[in-house]
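Worksheet for the structure shown next.
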Amino acid sequence: MEDFVASKNIKIPQTLDDLIAGLYEAFSSDRVNVDYVHTLMSLYKSNPTEWKKFAKFDPHRYTRNLADGGNGKFNLIVLCWGEGQGSSIHSHADAHCFMKVLDGQLKESLYDWPEEEGQHMHKKAENIYKKNGVAYINDSLGLHRIENPSHSDTAVSLHLYCPAFDMCQCFDERTGHKHNSRVTFYSKYGERTPFCKFTDAVNDVMGGYTYDGHVPENN
Ligand SMILES: [Fe+2]
């Protein structure tokens, strides 16, 4: 990584604000350099005092908290994972997805796209990401599920999506059955999103493990 940093003349972000400024610069053109963004996010050393205003936990489900709306090409979201909480298996709407661990550890389970419905989905890899580690995925690499494997510690991650999206697909591991889901925010810019009867009702029904911050469409 040091050679790459030197060859690209990457300025090491000392703070979260530095990182965000660097990301705005990286996304000022229409081309996305995945290695560059990955490196930039890796170089930021997590400092809770800089991101805790976005980190809002819910006892029943993991939360998605909008930290920065970006420049129209990306957004930044802080995800808060209570002990043992996890997402469903999901796709990424043709977007690039970078995930940096800000606190705790996260487990990523990678799956192939299901070839036909009715068959158990094939898990092809498991990766553990520790604090400051960065993961990357897009739809051509497969699908994934993210979980906080700890039953005693919470976890927090910073996600960059390029472009931002509000719909994705969630999959049933046992059958490969998929449904479209709308992505929701628990808070925006540090403020709790106003109570929504519809989404909160659906979230209550989906509850805990299967909840992915996504609301089933047409339900
Ligand atoms: Fe994801």
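Residue names in the structure tokens use chain letters A, B, ... in the order shown, residue numbers from 1 in each chain, and ligand numbers from 1 in the order shown.
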Quick one: which chain A residues come within 7 Å of ligand 1, and what is the nearest atom pair for each with the distance in Å to one decimal, counting only C-alpha atoms and all ligand atoms, rows ordered by chain and ascending number, as CSV?
residue,atom,partner,partner_atom_place_in_ligand_line,distance
A:His90,CA,ligand 1,1 (Fe),6.3
A:Ser91,CA,ligand 1,1 (Fe),6.7
A:His92,CA,ligand 1,1 (Fe),6.3
A:Cys97,CA,ligand 1,1 (Fe),6.8
A:His144,CA,ligand 1,1 (Fe),6.1
A:Arg145,CA,ligand 1,1 (Fe),6.7
A:Ile146,CA,ligand 1,1 (Fe),6.9
Using only C-alpha atoms, which residues of range 105-157 of chain A come within 10 Å of range 26-49 of chain A, and what is the closest atom pair for each, with the distance in Å to one decimal? Give it as a tab-separated table, sorted by chain and residue number.
residue	atom	partner	partner_atom	distance
A:Lys131	CA	A:Ser46	CA	7.7
A:Asn132	CA	A:Ser42	CA	6.3
A:Gly133	CA	A:Ser42	CA	6.3
A:Val134	CA	A:Ser42	CA	6.0
A:Ala135	CA	A:His38	CA	8.0
A:Tyr136	CA	A:His38	CA	7.6
A:Val156	CA	A:Pro48	CA	9.7
A:Ser157	CA	A:Ser46	CA	9.9
Could you write those residues out with N, CA and C atoms, as a short mmCIF file (atom, residue, chain, number, x, y, z; two decimals), in the first residue's frame?
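See part_12.cif below for the written result:
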data_model
loop_
_atom_site.label_atom_id
_atom_site.label_comp_id
_atom_site.auth_asym_id
_atom_site.auth_seq_id
_atom_site.Cartn_x
_atom_site.Cartn_y
_atom_site.Cartn_z
N LYS A 131 -11.09 -3.46 13.16
CA LYS A 131 -11.12 -2.00 13.20
C LYS A 131 -10.12 -1.42 12.20
N ASN A 132 -10.61 -0.49 11.39
CA ASN A 132 -9.86 0.21 10.33
C ASN A 132 -9.71 -0.60 9.04
N GLY A 133 -10.14 -1.84 9.05
CA GLY A 133 -10.12 -2.62 7.80
C GLY A 133 -11.19 -2.11 6.83
N VAL A 134 -10.96 -2.35 5.53
CA VAL A 134 -11.90 -1.90 4.50
C VAL A 134 -12.25 -3.05 3.56
N ALA A 135 -13.54 -3.25 3.35
CA ALA A 135 -14.03 -4.26 2.41
C ALA A 135 -14.59 -3.54 1.18
N TYR A 136 -14.63 -4.28 0.07
CA TYR A 136 -15.22 -3.72 -1.16
C TYR A 136 -16.06 -4.79 -1.83
N VAL A 156 -19.28 -0.64 14.59
CA VAL A 156 -19.70 0.51 13.78
C VAL A 156 -18.91 0.48 12.48
N SER A 157 -19.57 0.78 11.37
CA SER A 157 -18.85 0.80 10.09
C SER A 157 -19.28 2.02 9.26
#
Determine which residues of range 6-196 of chain A receive a DSSP assignment of helix (DSSP H, G or I), computed from the backbone, and state them as a short mmCIF file (atom, residue, chain, number, x, y, z; two decimals) with C-alpha atoms, in the first residue's frame.
data_model
loop_
_atom_site.label_atom_id
_atom_site.label_comp_id
_atom_site.auth_asym_id
_atom_site.auth_seq_id
_atom_site.Cartn_x
_atom_site.Cartn_y
_atom_site.Cartn_z
CA ALA A 6 3.47 7.36 -2.85
CA SER A 7 2.76 6.81 -6.54
CA LEU A 16 -12.91 12.17 9.30
CA ASP A 17 -13.36 15.62 7.76
CA ASP A 18 -10.05 15.13 5.90
CA LEU A 19 -11.30 11.77 4.64
CA ILE A 20 -14.58 13.25 3.45
CA ALA A 21 -12.73 16.10 1.71
CA GLY A 22 -10.48 13.52 0.03
CA LEU A 23 -13.51 11.54 -1.11
CA TYR A 24 -15.16 14.62 -2.62
CA GLU A 25 -11.95 15.15 -4.55
CA ALA A 26 -11.76 11.48 -5.60
CA VAL A 34 -11.52 1.65 -6.67
CA ASP A 35 -7.94 1.14 -5.40
CA TYR A 36 -7.59 4.84 -4.68
CA VAL A 37 -10.82 5.07 -2.69
CA HIS A 38 -10.04 1.81 -0.87
CA THR A 39 -6.60 3.13 0.09
CA LEU A 40 -7.92 6.52 1.18
CA MET A 41 -10.49 4.89 3.45
CA SER A 42 -7.87 2.48 4.84
CA LEU A 43 -5.52 5.33 5.73
CA PRO A 48 -14.82 7.85 17.79
CA THR A 49 -15.03 11.51 18.79
CA GLU A 50 -15.33 12.33 15.07
CA TRP A 51 -18.13 9.91 14.18
CA LYS A 52 -20.05 9.21 17.39
CA LYS A 53 -22.63 11.91 16.55
CA PHE A 54 -23.79 9.65 13.70
CA ASP A 139 -22.71 -6.97 -7.91
CA SER A 140 -20.18 -8.61 -10.24
CA LEU A 141 -18.37 -10.03 -7.19
#
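Comparing the minimum interatomic distances between Asn65 in chain A and each of A:Met167, A:Val5, A:Cys80, A:Ile10, counting only C-alpha atoms, we find that A:Cys80 sits nearest.
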May I ask which of the residues A:His96, A:His151, A:Arg61, A:Arg174 is the closest one to Gln119 in chain A, counting only C-alpha atoms?
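Among A:His96, A:His151, A:Arg61, A:Arg174, it is A:Arg174 that comes nearest to Gln119 in chain A.
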Where does DSSP see strand (DSSP E) in range 24-207 of chain A, if you list the residues as a PyMOL selection string?
chain A and resi 63-68+75-81+89-90+96-103+106-111+123-129+134-137+143-147+155-162+167-171+178-183+187-188+191-192
